[in-house]
Amino acid sequence: MFHLSVEEWTALALSLRVAGVAVLASLPFAVAAAWVLSRTRFVGQAIFDGAIHLPLTLPPVVTGYLLLLTFGRQGVAGHFLAEHLGIVFSFRWTGAALAAAVMGFPLMVRSIRLSLDGVDTRLEEAAATLGARPLAVFVTVTLPLIGPGILSGMVLGFARAMGEFGATITFVSNIPGETQTLASAIYTYTQVPGADAQALRLTLVAIAVSMTALIASEWLARLGRKRAVGT
Amino acid sequence: MFHLSVEEWTALALSLRVAGVAVLASLPFAVAAAWVLSRTRFVGQAIFDGAIHLPLTLPPVVTGYLLLLTFGRQGVAGHFLAEHLGIVFSFRWTGAALAAAVMGFPLMVRSIRLSLDGVDTRLEEAAATLGARPLAVFVTVTLPLIGPGILSGMVLGFARAMGEFGATITFVSNIPGETQTLASAIYTYTQVPGADAQALRLTLVAIAVSMTALIASEWLARLGRKRAVGT
Amino acid sequence: MSLEVGLRHRQGAFALDLAFDSPGGLVALFGPSGSGKTTVVRAIAGLLRAEQARIVVDGQVLVDSAARVFLPPHRRRIGYVFQEPRLLPHLSVRQNLDYGGWFAPRGARVSAAEFARLVELLDIGPLLSRHPGRLSGGERQRVAIGRALLSSPQLLLMDEPLSQIDENRKNEILPYIERMRDEVRVPIVYVSHALDEVVRLAGRLVCIQDGRLLACGPTGEVLTRTDLPMFAQRADAGAVLEARVLAHDEAYALSRLACAGGELWVPRLPAPPGGTVRLWVRAQDVMLALELPQGISALNHLQGEVLALGDSGLGTVMVRLDCGGTPLLARVTRLSAERLRLRVGLRLQALIKSVSFPLAGAAAGAL
Amino acid sequence: MSLEVGLRHRQGAFALDLAFDSPGGLVALFGPSGSGKTTVVRAIAGLLRAEQARIVVDGQVLVDSAARVFLPPHRRRIGYVFQEPRLLPHLSVRQNLDYGGWFAPRGARVSAAEFARLVELLDIGPLLSRHPGRLSGGERQRVAIGRALLSSPQLLLMDEPLSQIDENRKNEILPYIERMRDEVRVPIVYVSHALDEVVRLAGRLVCIQDGRLLACGPTGEVLTRTDLPMFAQRADAGAVLEARVLAHDEAYALSRLACAGGELWVPRLPAPPGGTVRLWVRAQDVMLALELPQGISALNHLQGEVLALGDSGLGTVMVRLDCGGTPLLARVTRLSAERLRLRVGLRLQALIKSVSFPLAGAAAGAL
Amino acid sequence: EDKPVVVFAAASLKEALDEVGAQWQKEQHGQVAISYAASNTLARQIEQGAPADLFLSANLEWLQYLSVRNLTRKDSERNLLRNRLVLIAQKASRLKLLIAPDFPLAKALGDGRLALCNPAVPAGIYGKQALSALNVWDSVSARTAQADNVRAALLLVSRGEAPLGIVYSTDAAADPAVRVLDTFPEDTHEPIVYPLALTAASTHPQARSLYDYIVSAKARAIFVKHGFTVITDAAH
Ligand SMILES: Nc1ncnc2c1ncn2[C@@H]1O[C@H](COP(=O)(O)OP(=O)(O)OP(=O)(O)O)[C@@H](O)[C@H]1O
Ligand SMILES: Nc1ncnc2c1ncn2[C@@H]1O[C@H](COP(=O)(O)OP(=O)(O)OP(=O)(O)O)[C@@H](O)[C@H]1O
Ligand code: MOO
Ligand SMILES: [Mg+2]
Ligand SMILES: [Mg+2]
């Protein structure tokens, strides 16, 4: 039952790459956004916050359309990136990664922000008195302390990326070997009468992958927790 | 432009009801699941954790099918609930709420768990020495301390519920007035060439709703934070 | 009111293995930092499940690992002043103080008058509506003390409760603790590094080092043991005199006492005539004279005989005296010792100023 | 090494409004709980941006709100021992200790030998690889002290650093602080409720109450002011003698000093002959005699004249003496005062045991 | 309370069927609720007991799926509409291309892609059939961008992401940003048929009335207006 076709192996590999890249590439931005939301106050913050949550609130298909309009070959951002940085999203796995990153972004930001809100700022003060500049405080104190939130955000982002197909398929279509992820493949099977077995098979694969990621994250979290008990 | 048809008003109202009920009804379960994951160790915990994350990992359509198979009129759980408790999900708004709840569940559990992991257990110890039984400790100490996580989880769950259509449409279809939520309505418009304006209009409504919910949650969070500064 | 503790537990590299008991009253845990005091208190509170434990308070078995008995913390009716304040950050000071009352049995709740009195005593009235995050360090500690005292405990655990409290407030709080000990008759386990607090409060002293029992016994006995460098080397080493109150002189605010060695004038004590008191006499406050000097301000002189001479560091000599049955310690410079030709058996006068007596608790009930 | 502080700030119901300065050395902040000590220290550290502030250390303006100068904390090169330990929970003890070194300028880093010495002194060697969550309360406080001292600070802020440290360790740590003060010549702001620490360490004493300055001046002067009930009512009230070191007697571990009123024998001081020292003489340790007694263990007697008599509570009388220019306080019971017929102008002998001198810092440099 | 007649219909029928439904409502004073989704979704839902009275599928297969399970009223099954498959380009495109066997589709694409539907949805199946029949599938199969649905394929072309696309003529007509280059001959693919049936579980008294209205001449005019061909003979 778990014999996968070449195409399915490709889809699995692609899913892992897309989800991995999406999570890692968006992480710095997620941390930055969380920091801005948690630690600063500015006019229009609610709008910023709302914009980050949009991909969660909107039907994925709409997000996909918006991505297409913005990051497609003809889109403003897409055009700019292609011209100046040589980054092309349309019909590439990079586009799938972008879609996955955008869809997972609110989840990552929320988790990280939640941790950030909970950081005892007295520890940051202590680090500052010891000569650490704000950036050094962030790297040596804040970042390690929000480790659980970052990890949690990454798990959510990864899981979401594995399951996402609505925005992906709309944005970069469903090209086997390039943009067809496991989720798209499963979706495709569900559309065909009599393909239930195949869909189930791939679903089990997806479950296995997520389970592995989850267990790894729990293990990492426990490792971190073991070291730091109380203050 | 913002003149909504009766059907669209209905969809909006339904979305709010579905999202609200989904979040509120699943909250106790989410808190319980988070507590189990954070505070207990048992064999098969990884599987429990994985199961909770499934709706995030799987394509929503798959989740929808699984719900249809389980909670449909012919499904085991659906049959049981209908027979013994009179709760019918299939093709009712309650089903949409169930789908939204299931889809948002991992997000809520994660947030709450993250907060729970961060609770200073020394405070719970202090409460216990003052005579509070475990349940009382939980209600008077733990729950208030994880307030931010609960709120954050509710925001995520609500937003997800507002944006969800994949599982909903698959589970309870897209029946105006009964199961057609804002997201489903938007999705339907996006399927039709030339309906962009309508889709955009509803999208803006969805954004406005989420923005309101978000601002309300921030306000609540700030209220909570103002009261409790440090230990 | 009795207390019986036996513990065996490992945490990390630290091994705890000790047993002690107390007939009641206040028992002080004394020992260097890291010796295991907090660990013992946590075990008594039920926050630590020791590998082997037997803890009995007042006949009630709280823990007996052999019999698999373990009463959870919330059923032990304890008031625990933690080493760090541990106030509930989401509750106001008033709610923190009330917290224990929410769970105390109806009859045991503290009255409004008692609440007001304690708030007044701890000087936390103006803080009641504030949240703990907006308090100073000492204010937090005072609220923590109040919270424990207001929970109507049947056992009080206090882990360095006065460490950040200033002298004047300390002198107001100590009598309250004494009242809990003597009138409310709550058994108290008290951790402190301050010998004056220990002497004043503790009927029984338990000394711990590296997780093991070094000494356990009546405070006076343990403190005068010269084999415990923990005390002998301290600047405030001394002896505990037991004495009977003869009378009070209200005009001069003095009390007249009788101990085995003679009569003493000390600052007015709260004990009734006829009661027994314990007095801490620091070795450095005792002056030795070969003959009784005249026209001197020191009111007290006991005649005694040198029992032993020991080096007590820094060029000083610790002189153990027996004053007609009352043990006394005096610390003098080696130069003085030579000038006075101190030797075992020498009879001399020990002079003690009245004002040098630290206020000792009226401890009749506590012994 | 000078320090100049002017602050005006409101937080909640509390208003801070004070100014003080110090020529350098160690300045102690003294005052009841909630009086604003920590707030002042936080402002000096730059963790609190006071509404109006001017803080100058050693000529360097750290804050001047009028000129809109505000040096951020990380550029102030401070070592701050917080009132609560505030160790970084995700770092090991060793990493916590090293933390300040990561940011100190290359030349200023502490040597491995110095690190080892301090670790030894604080007795935290076995804890180096542990994380702060697994330490006892006192262990945490010691690590926090080590962390601040090892950050090569140009200004040390210590907020009740020894509150949970036992007596023996305290006596090991205090000389180190003295060395920082005298040899490394780091200005130190020291908050403490313990008068013995203050007397021993502080050249200058700043008394705060309710956010306002009560007194500021050389420690000896402030402590002998009888208008400050904060001190006069304390059991350990006393006077500060200034004296010159004449010689040391190594055999007896004593030092011979000369003060205006005569010569004194005190336990061996670390000051060099010819240096000036400050000695804290508690009023309760001074015995008064109309004539010089013979055959007595007290090595020191100064002849003096009664300047004033004042009630000092609890049936005792505070006697202000002038011993040939040296001020001295003696506390005796009212009964003694009457028996000796004490009155202004009476000449008498003040007896002080050598061992009753709390070890006072060799403070030549610190004054 | 008037319960509506519930119609389960393929998403691509939305505009036309909404209008038909509204007309019927006005004329017969009945209530109608139409649930649009993918045909497969709807079929499975009917299988699971969905309260649908009518099913309007985008292909024969999913009606068949229900029919063999006896979930439709056999006598009500009929092919209602027919659609055509067209080749489209962006409005602004200068491309000229006529469909014929071995027509130079690959060359016309250049380095672009051919927007197409997923072979899981009917439009994708028909497109692949047509291109295979014309012997050009092999040359472009690796160059397709398979969209989730017709609408998405259309968008790829109208946004210029893909130079060419294959969609239904009804869809192409609704999007002013695209231009039809040519229509595929009907013999190159299975007929594109939208079948209609009453469900076996339907109990709504007005279901039949709506059914009749949908197959009536009045409805026919509306479908035609939206670009469909109406199949008049009740063939099956
Ligand atoms: N965050 C805060 N918000 C409002 N008021 C505060 C806050 N922190 C402290 N206070 C108040 O400011 C005053 C001064 O506090 P501070 O911490 O400086 O006192 P302190 O002298 O250090 O006392 P302690 O000896 O108890 O540590 C106190 O009355 C306290 O209640
Ligand atoms: N969580 C822990 N894990 C491992 N070892 C611990 C832990 N907590 C404390 N210890 C060690 O156990 C020993 C006893 O700790 P305890 O807190 O009982 O000391 P203490 O006597 O209360 O000291 P202090 O006066 O400093 O508060 C110490 O050596 C300490 O390092
Ligand atoms: O809600 Mo979706 O349906 O992720 O694509
Ligand atoms: Mg302790
Ligand atoms: Mg303070």
# chains A, B, ... in the order shown; residues from 1 in each chain; ligands from 1
call {"tool": "select_by_dssp", "arguments": {"residues": "range 47-235 of chain D", "states": "alpha helix (DSSP H)", "output": "ChimeraX atom specification"}}
result
/D:93-103,112-122,137-149,167-182,195-201,219-224,229-232
call {"tool": "write_last_selection", "arguments": {"atoms": "C-alpha atoms", "output": "tab-separated table (two decimals), in the first residue's frame"}}
result
chain	number	residue	atom	x	y	z
D	93	VAL	CA	26.11	29.63	36.18
D	94	ARG	CA	29.44	29.92	34.42
D	95	GLN	CA	27.85	31.61	31.44
D	96	ASN	CA	26.00	33.96	33.74
D	97	LEU	CA	29.29	34.86	35.37
D	98	ASP	CA	30.99	35.32	32.02
D	99	TYR	CA	28.14	37.28	30.54
D	100	GLY	CA	29.41	40.73	31.40
D	101	GLY	CA	32.83	39.83	30.03
D	102	TRP	CA	31.38	39.19	26.59
D	103	PHE	CA	30.65	42.88	26.31
D	112	ALA	CA	41.15	33.79	34.84
D	113	ALA	CA	42.93	34.05	38.17
D	114	GLU	CA	40.57	36.72	39.37
D	115	PHE	CA	37.63	34.64	38.17
D	116	ALA	CA	38.90	31.63	40.07
D	117	ARG	CA	39.51	33.70	43.17
D	118	LEU	CA	36.01	35.13	43.21
D	119	VAL	CA	34.43	31.77	42.51
D	120	GLU	CA	36.37	30.38	45.44
D	121	LEU	CA	35.40	33.28	47.64
D	122	LEU	CA	31.72	32.97	46.81
D	137	GLY	CA	18.14	31.04	47.18
D	138	GLY	CA	21.47	31.98	48.68
D	139	GLU	CA	23.39	30.30	45.90
D	140	ARG	CA	21.54	32.43	43.38
D	141	GLN	CA	22.34	35.56	45.28
D	142	ARG	CA	26.01	34.68	45.41
D	143	VAL	CA	26.11	34.02	41.69
D	144	ALA	CA	24.41	37.38	41.12
D	145	ILE	CA	27.09	39.09	43.18
D	146	GLY	CA	29.77	37.29	41.22
D	147	ARG	CA	28.20	38.27	37.94
D	148	ALA	CA	28.23	41.95	38.83
D	149	LEU	CA	31.75	41.90	40.19
D	167	GLU	CA	27.19	35.14	58.42
D	168	ASN	CA	30.33	33.21	57.63
D	169	ARG	CA	30.14	33.79	53.90
D	170	LYS	CA	29.23	37.41	54.50
D	171	ASN	CA	32.45	37.85	56.37
D	172	GLU	CA	34.34	36.50	53.41
D	173	ILE	CA	32.55	38.62	50.86
D	174	LEU	CA	32.75	41.94	52.68
D	175	PRO	CA	36.55	42.24	52.38
D	176	TYR	CA	36.23	41.70	48.66
D	177	ILE	CA	33.81	44.60	48.41
D	178	GLU	CA	36.22	46.66	50.47
D	179	ARG	CA	38.95	45.79	48.04
D	180	MET	CA	36.80	46.90	45.11
D	181	ARG	CA	36.23	50.13	46.95
D	182	ASP	CA	39.80	50.81	48.02
D	195	LEU	CA	23.73	48.71	59.96
D	196	ASP	CA	26.86	46.68	60.56
D	197	GLU	CA	27.44	46.34	56.83
D	198	VAL	CA	26.76	50.01	56.30
D	199	VAL	CA	29.14	51.10	59.03
D	200	ARG	CA	31.82	48.82	57.86
D	201	LEU	CA	31.60	49.69	54.20
D	219	THR	CA	28.61	57.78	57.87
D	220	GLY	CA	29.85	58.65	61.33
D	221	GLU	CA	28.16	62.00	61.38
D	222	VAL	CA	24.84	60.78	60.13
D	223	LEU	CA	24.74	57.81	62.46
D	224	THR	CA	25.40	59.87	65.59
D	229	PRO	CA	14.81	58.15	65.14
D	230	MET	CA	15.71	55.70	62.41
D	231	PHE	CA	19.03	55.21	64.21
D	232	ALA	CA	18.58	56.43	67.76
call {"tool": "residues_around", "arguments": {"residues": "Ser158 in chain E", "least_positions_apart": "4", "cutoff": "6 Å", "atoms": "only C-alpha atoms", "output": "ChimeraX atom specification"}}
result
/E:90,177-178
call {"tool": "write_last_selection", "arguments": {"atoms": "all heavy atoms", "output": "PDB file, in the first residue's frame"}}
result
ATOM      1  N   GLN E  90      -4.533  36.099 -23.846  1.00  0.00           N
ATOM      2  CA  GLN E  90      -4.848  37.391 -23.232  1.00  0.00           C
ATOM      3  C   GLN E  90      -5.402  38.313 -24.321  1.00  0.00           C
ATOM      4  O   GLN E  90      -5.049  38.219 -25.488  1.00  0.00           O
ATOM      5  CB  GLN E  90      -3.566  37.985 -22.642  1.00  0.00           C
ATOM      6  CG  GLN E  90      -3.828  38.934 -21.505  1.00  0.00           C
ATOM      7  CD  GLN E  90      -2.523  39.426 -20.889  1.00  0.00           C
ATOM      8  OE1 GLN E  90      -1.438  39.147 -21.412  1.00  0.00           O
ATOM      9  NE2 GLN E  90      -2.636  40.150 -19.801  1.00  0.00           N
ATOM     10  N   ALA E 177     -11.114  40.022 -20.291  1.00  0.00           N
ATOM     11  CA  ALA E 177      -9.675  40.183 -20.447  1.00  0.00           C
ATOM     12  C   ALA E 177      -9.052  39.112 -21.336  1.00  0.00           C
ATOM     13  O   ALA E 177      -7.853  39.092 -21.545  1.00  0.00           O
ATOM     14  CB  ALA E 177      -9.003  40.189 -19.083  1.00  0.00           C
ATOM     15  N   VAL E 178      -9.843  38.186 -21.786  1.00  0.00           N
ATOM     16  CA  VAL E 178      -9.285  37.146 -22.653  1.00  0.00           C
ATOM     17  C   VAL E 178     -10.012  37.131 -24.010  1.00  0.00           C
ATOM     18  O   VAL E 178     -11.104  37.664 -24.165  1.00  0.00           O
ATOM     19  CB  VAL E 178      -9.381  35.740 -22.020  1.00  0.00           C
ATOM     20  CG1 VAL E 178      -8.628  35.705 -20.714  1.00  0.00           C
ATOM     21  CG2 VAL E 178     -10.824  35.323 -21.846  1.00  0.00           C
TER      22      VAL E 178
END
call {"tool": "residues_around", "arguments": {"residues": "range 172-179 of chain A", "least_positions_apart": "2", "cutoff": "9 Å", "atoms": "only C-alpha atoms", "output": "JSON, numbers by chain"}}
result
{"A": [7, 8, 10, 11, 14, 15, 18, 64, 68, 72, 89, 90, 91, 92, 93, 94, 95, 96, 99, 167, 168, 169, 170, 181, 184, 185], "E": [115, 118, 142, 143, 144, 145, 146, 147, 148, 152, 153, 156]}
call {"tool": "closest_atom_pairs", "arguments": {"of": "chain D", "to": "ligand 5", "cutoff": "10 Å", "atoms": "only C-alpha atoms and all ligand atoms", "output": "Markdown table"}}
result
| residue | atom | partner | partner_atom_place_in_ligand_line | distance |
| --- | --- | --- | --- | --- |
| D:Gly31 | CA | ligand 5 | 1 (Mg) | 9.7 |
| D:Pro32 | CA | ligand 5 | 1 (Mg) | 9.4 |
| D:Ser33 | CA | ligand 5 | 1 (Mg) | 6.8 |
| D:Gly34 | CA | ligand 5 | 1 (Mg) | 6.8 |
| D:Ser35 | CA | ligand 5 | 1 (Mg) | 8.2 |
| D:Gly36 | CA | ligand 5 | 1 (Mg) | 6.9 |
| D:Lys37 | CA | ligand 5 | 1 (Mg) | 5.5 |
| D:Thr38 | CA | ligand 5 | 1 (Mg) | 4.0 |
| D:Thr39 | CA | ligand 5 | 1 (Mg) | 7.2 |
| D:Val40 | CA | ligand 5 | 1 (Mg) | 9.2 |
| D:Val41 | CA | ligand 5 | 1 (Mg) | 8.7 |
| D:Arg42 | CA | ligand 5 | 1 (Mg) | 9.6 |
| D:Phe82 | CA | ligand 5 | 1 (Mg) | 8.7 |
| D:Gln83 | CA | ligand 5 | 1 (Mg) | 6.2 |
| D:Glu84 | CA | ligand 5 | 1 (Mg) | 9.2 |
| D:Asp159 | CA | ligand 5 | 1 (Mg) | 6.7 |
| D:Glu160 | CA | ligand 5 | 1 (Mg) | 7.7 |
| D:Val191 | CA | ligand 5 | 1 (Mg) | 7.9 |
| D:Ser192 | CA | ligand 5 | 1 (Mg) | 9.2 |
call {"tool": "write_last_selection", "arguments": {"atoms": "N, CA, C and O atoms", "output": "PDB file, in the first residue's frame"}}
result
ATOM      1  N   GLY D  31      17.185  53.293  54.412  1.00  0.00           N
ATOM      2  CA  GLY D  31      15.839  53.813  54.585  1.00  0.00           C
ATOM      3  C   GLY D  31      14.863  52.675  54.679  1.00  0.00           C
ATOM      4  O   GLY D  31      15.158  51.549  54.272  1.00  0.00           O
ATOM      5  N   PRO D  32      13.687  52.940  55.236  1.00  0.00           N
ATOM      6  CA  PRO D  32      12.713  51.866  55.399  1.00  0.00           C
ATOM      7  C   PRO D  32      12.263  51.304  54.052  1.00  0.00           C
ATOM      8  O   PRO D  32      12.482  51.917  53.006  1.00  0.00           O
ATOM      9  N   SER D  33      11.648  50.143  54.120  1.00  0.00           N
ATOM     10  CA  SER D  33      11.128  49.503  52.919  1.00  0.00           C
ATOM     11  C   SER D  33      10.125  50.430  52.235  1.00  0.00           C
ATOM     12  O   SER D  33       9.274  51.029  52.881  1.00  0.00           O
ATOM     13  N   GLY D  34      10.248  50.556  50.937  1.00  0.00           N
ATOM     14  CA  GLY D  34       9.325  51.391  50.179  1.00  0.00           C
ATOM     15  C   GLY D  34       9.710  52.848  50.156  1.00  0.00           C
ATOM     16  O   GLY D  34       8.968  53.683  49.657  1.00  0.00           O
ATOM     17  N   SER D  35      10.907  53.177  50.666  1.00  0.00           N
ATOM     18  CA  SER D  35      11.271  54.587  50.722  1.00  0.00           C
ATOM     19  C   SER D  35      11.862  55.080  49.394  1.00  0.00           C
ATOM     20  O   SER D  35      12.005  56.275  49.198  1.00  0.00           O
ATOM     21  N   GLY D  36      12.204  54.180  48.507  1.00  0.00           N
ATOM     22  CA  GLY D  36      12.662  54.623  47.193  1.00  0.00           C
ATOM     23  C   GLY D  36      14.106  54.275  46.866  1.00  0.00           C
ATOM     24  O   GLY D  36      14.655  54.762  45.887  1.00  0.00           O
ATOM     25  N   LYS D  37      14.715  53.402  47.646  1.00  0.00           N
ATOM     26  CA  LYS D  37      16.112  53.063  47.423  1.00  0.00           C
ATOM     27  C   LYS D  37      16.319  52.395  46.067  1.00  0.00           C
ATOM     28  O   LYS D  37      17.180  52.796  45.282  1.00  0.00           O
ATOM     29  N   THR D  38      15.513  51.386  45.813  1.00  0.00           N
ATOM     30  CA  THR D  38      15.656  50.686  44.542  1.00  0.00           C
ATOM     31  C   THR D  38      15.382  51.620  43.375  1.00  0.00           C
ATOM     32  O   THR D  38      16.047  51.550  42.334  1.00  0.00           O
ATOM     33  N   THR D  39      14.425  52.498  43.559  1.00  0.00           N
ATOM     34  CA  THR D  39      14.105  53.444  42.489  1.00  0.00           C
ATOM     35  C   THR D  39      15.322  54.308  42.159  1.00  0.00           C
ATOM     36  O   THR D  39      15.638  54.533  40.985  1.00  0.00           O
ATOM     37  N   VAL D  40      16.011  54.761  43.188  1.00  0.00           N
ATOM     38  CA  VAL D  40      17.219  55.560  42.965  1.00  0.00           C
ATOM     39  C   VAL D  40      18.275  54.744  42.217  1.00  0.00           C
ATOM     40  O   VAL D  40      18.865  55.201  41.241  1.00  0.00           O
ATOM     41  N   VAL D  41      18.458  53.516  42.662  1.00  0.00           N
ATOM     42  CA  VAL D  41      19.477  52.680  42.033  1.00  0.00           C
ATOM     43  C   VAL D  41      19.129  52.403  40.573  1.00  0.00           C
ATOM     44  O   VAL D  41      19.990  52.440  39.692  1.00  0.00           O
ATOM     45  N   ARG D  42      17.848  52.167  40.319  1.00  0.00           N
ATOM     46  CA  ARG D  42      17.431  51.916  38.937  1.00  0.00           C
ATOM     47  C   ARG D  42      17.688  53.133  38.056  1.00  0.00           C
ATOM     48  O   ARG D  42      18.076  53.002  36.887  1.00  0.00           O
ATOM     49  N   PHE D  82      20.976  43.043  41.619  1.00  0.00           N
ATOM     50  CA  PHE D  82      19.580  43.402  41.825  1.00  0.00           C
ATOM     51  C   PHE D  82      19.075  42.865  43.154  1.00  0.00           C
ATOM     52  O   PHE D  82      19.669  41.960  43.742  1.00  0.00           O
ATOM     53  N   GLN D  83      17.946  43.435  43.565  1.00  0.00           N
ATOM     54  CA  GLN D  83      17.382  42.999  44.837  1.00  0.00           C
ATOM     55  C   GLN D  83      16.944  41.538  44.758  1.00  0.00           C
ATOM     56  O   GLN D  83      17.041  40.797  45.721  1.00  0.00           O
ATOM     57  N   GLU D  84      16.458  41.133  43.580  1.00  0.00           N
ATOM     58  CA  GLU D  84      16.200  39.702  43.342  1.00  0.00           C
ATOM     59  C   GLU D  84      17.262  39.246  42.352  1.00  0.00           C
ATOM     60  O   GLU D  84      17.755  40.040  41.573  1.00  0.00           O
ATOM     61  N   ASP D 159      22.009  46.166  45.569  1.00  0.00           N
ATOM     62  CA  ASP D 159      20.730  46.361  46.246  1.00  0.00           C
ATOM     63  C   ASP D 159      20.487  45.189  47.208  1.00  0.00           C
ATOM     64  O   ASP D 159      20.038  44.130  46.798  1.00  0.00           O
ATOM     65  N   GLU D 160      20.773  45.402  48.449  1.00  0.00           N
ATOM     66  CA  GLU D 160      20.663  44.361  49.478  1.00  0.00           C
ATOM     67  C   GLU D 160      21.320  43.060  49.021  1.00  0.00           C
ATOM     68  O   GLU D 160      20.695  42.005  48.986  1.00  0.00           O
ATOM     69  N   VAL D 191      22.811  49.382  48.954  1.00  0.00           N
ATOM     70  CA  VAL D 191      21.565  49.447  49.708  1.00  0.00           C
ATOM     71  C   VAL D 191      21.572  48.332  50.732  1.00  0.00           C
ATOM     72  O   VAL D 191      21.874  47.182  50.390  1.00  0.00           O
ATOM     73  N   SER D 192      21.278  48.660  51.970  1.00  0.00           N
ATOM     74  CA  SER D 192      21.238  47.605  52.981  1.00  0.00           C
ATOM     75  C   SER D 192      20.415  48.046  54.171  1.00  0.00           C
ATOM     76  O   SER D 192      20.301  49.222  54.473  1.00  0.00           O
TER      77      SER D 192
END
call {"tool": "calpha_fit_rmsd", "arguments": {"fixed": "chain B", "moving": "chain A"}}
result
0.2 Å
call {"tool": "residues_near_ligand", "arguments": {"ligand": "ligand 3", "cutoff": "6 Å", "atoms": "only C-alpha atoms and all ligand atoms", "output": "compact mmCIF listing (two decimals) with N, CA and C atoms, in the first residue's frame"}}
result
# COMPACT_ATOMS: atom_id res chain seq x y z
N PRO A 60 -8.31 30.63 1.41
CA PRO A 60 -6.99 30.47 0.80
C PRO A 60 -6.98 30.81 -0.68
N GLU A 164 -1.44 22.94 3.06
CA GLU A 164 -1.95 24.02 2.22
C GLU A 164 -2.00 23.61 0.74
N PHE A 165 -3.11 23.85 0.10
CA PHE A 165 -3.12 23.70 -1.35
C PHE A 165 -3.95 24.77 -2.01
N GLY A 166 -4.91 25.34 -1.26
CA GLY A 166 -5.82 26.32 -1.86
C GLY A 166 -5.08 27.49 -2.47
N PRO B 60 -7.62 20.66 3.72
CA PRO B 60 -8.93 20.83 4.35
C PRO B 60 -10.00 19.94 3.73
N GLU B 164 -12.20 29.66 6.72
CA GLU B 164 -12.30 28.25 6.35
C GLU B 164 -13.47 28.01 5.37
N PHE B 165 -13.18 27.31 4.32
CA PHE B 165 -14.29 26.87 3.45
C PHE B 165 -14.04 25.47 2.94
N GLY B 166 -12.76 25.07 2.87
CA GLY B 166 -12.45 23.78 2.26
C GLY B 166 -13.13 22.63 2.97
call {"tool": "decode", "arguments": {"residues": "range 105-112 of chain D", "atoms": "N, CA and C atoms", "output": "JSON list (two decimals), in the first residue's frame"}}
result
[["chain", "number", "residue", "atom", "x", "y", "z"],
["D", 105, "PRO", "N", 35.06, 45.91, 27.31],
["D", 105, "PRO", "CA", 36.17, 46.18, 26.39],
["D", 105, "PRO", "C", 37.31, 45.21, 26.67],
["D", 106, "ARG", "N", 38.02, 44.86, 25.62],
["D", 106, "ARG", "CA", 39.04, 43.83, 25.72],
["D", 106, "ARG", "C", 39.94, 43.97, 26.96],
["D", 107, "GLY", "N", 40.50, 45.15, 27.11],
["D", 107, "GLY", "CA", 41.46, 45.36, 28.19],
["D", 107, "GLY", "C", 40.86, 45.18, 29.58],
["D", 108, "ALA", "N", 39.55, 45.38, 29.67],
["D", 108, "ALA", "CA", 38.93, 45.43, 30.99],
["D", 108, "ALA", "C", 38.49, 44.07, 31.49],
["D", 109, "ARG", "N", 38.64, 43.03, 30.65],
["D", 109, "ARG", "CA", 38.12, 41.73, 31.09],
["D", 109, "ARG", "C", 38.86, 41.20, 32.29],
["D", 110, "VAL", "N", 38.13, 40.47, 33.08],
["D", 110, "VAL", "CA", 38.69, 39.93, 34.30],
["D", 110, "VAL", "C", 39.57, 38.72, 33.97],
["D", 111, "SER", "N", 40.68, 38.61, 34.64],
["D", 111, "SER", "CA", 41.60, 37.51, 34.36],
["D", 111, "SER", "C", 41.06, 36.20, 34.91],
["D", 112, "ALA", "N", 41.59, 35.11, 34.38],
["D", 112, "ALA", "CA", 41.15, 33.79, 34.84],
["D", 112, "ALA", "C", 41.45, 33.61, 36.32]]
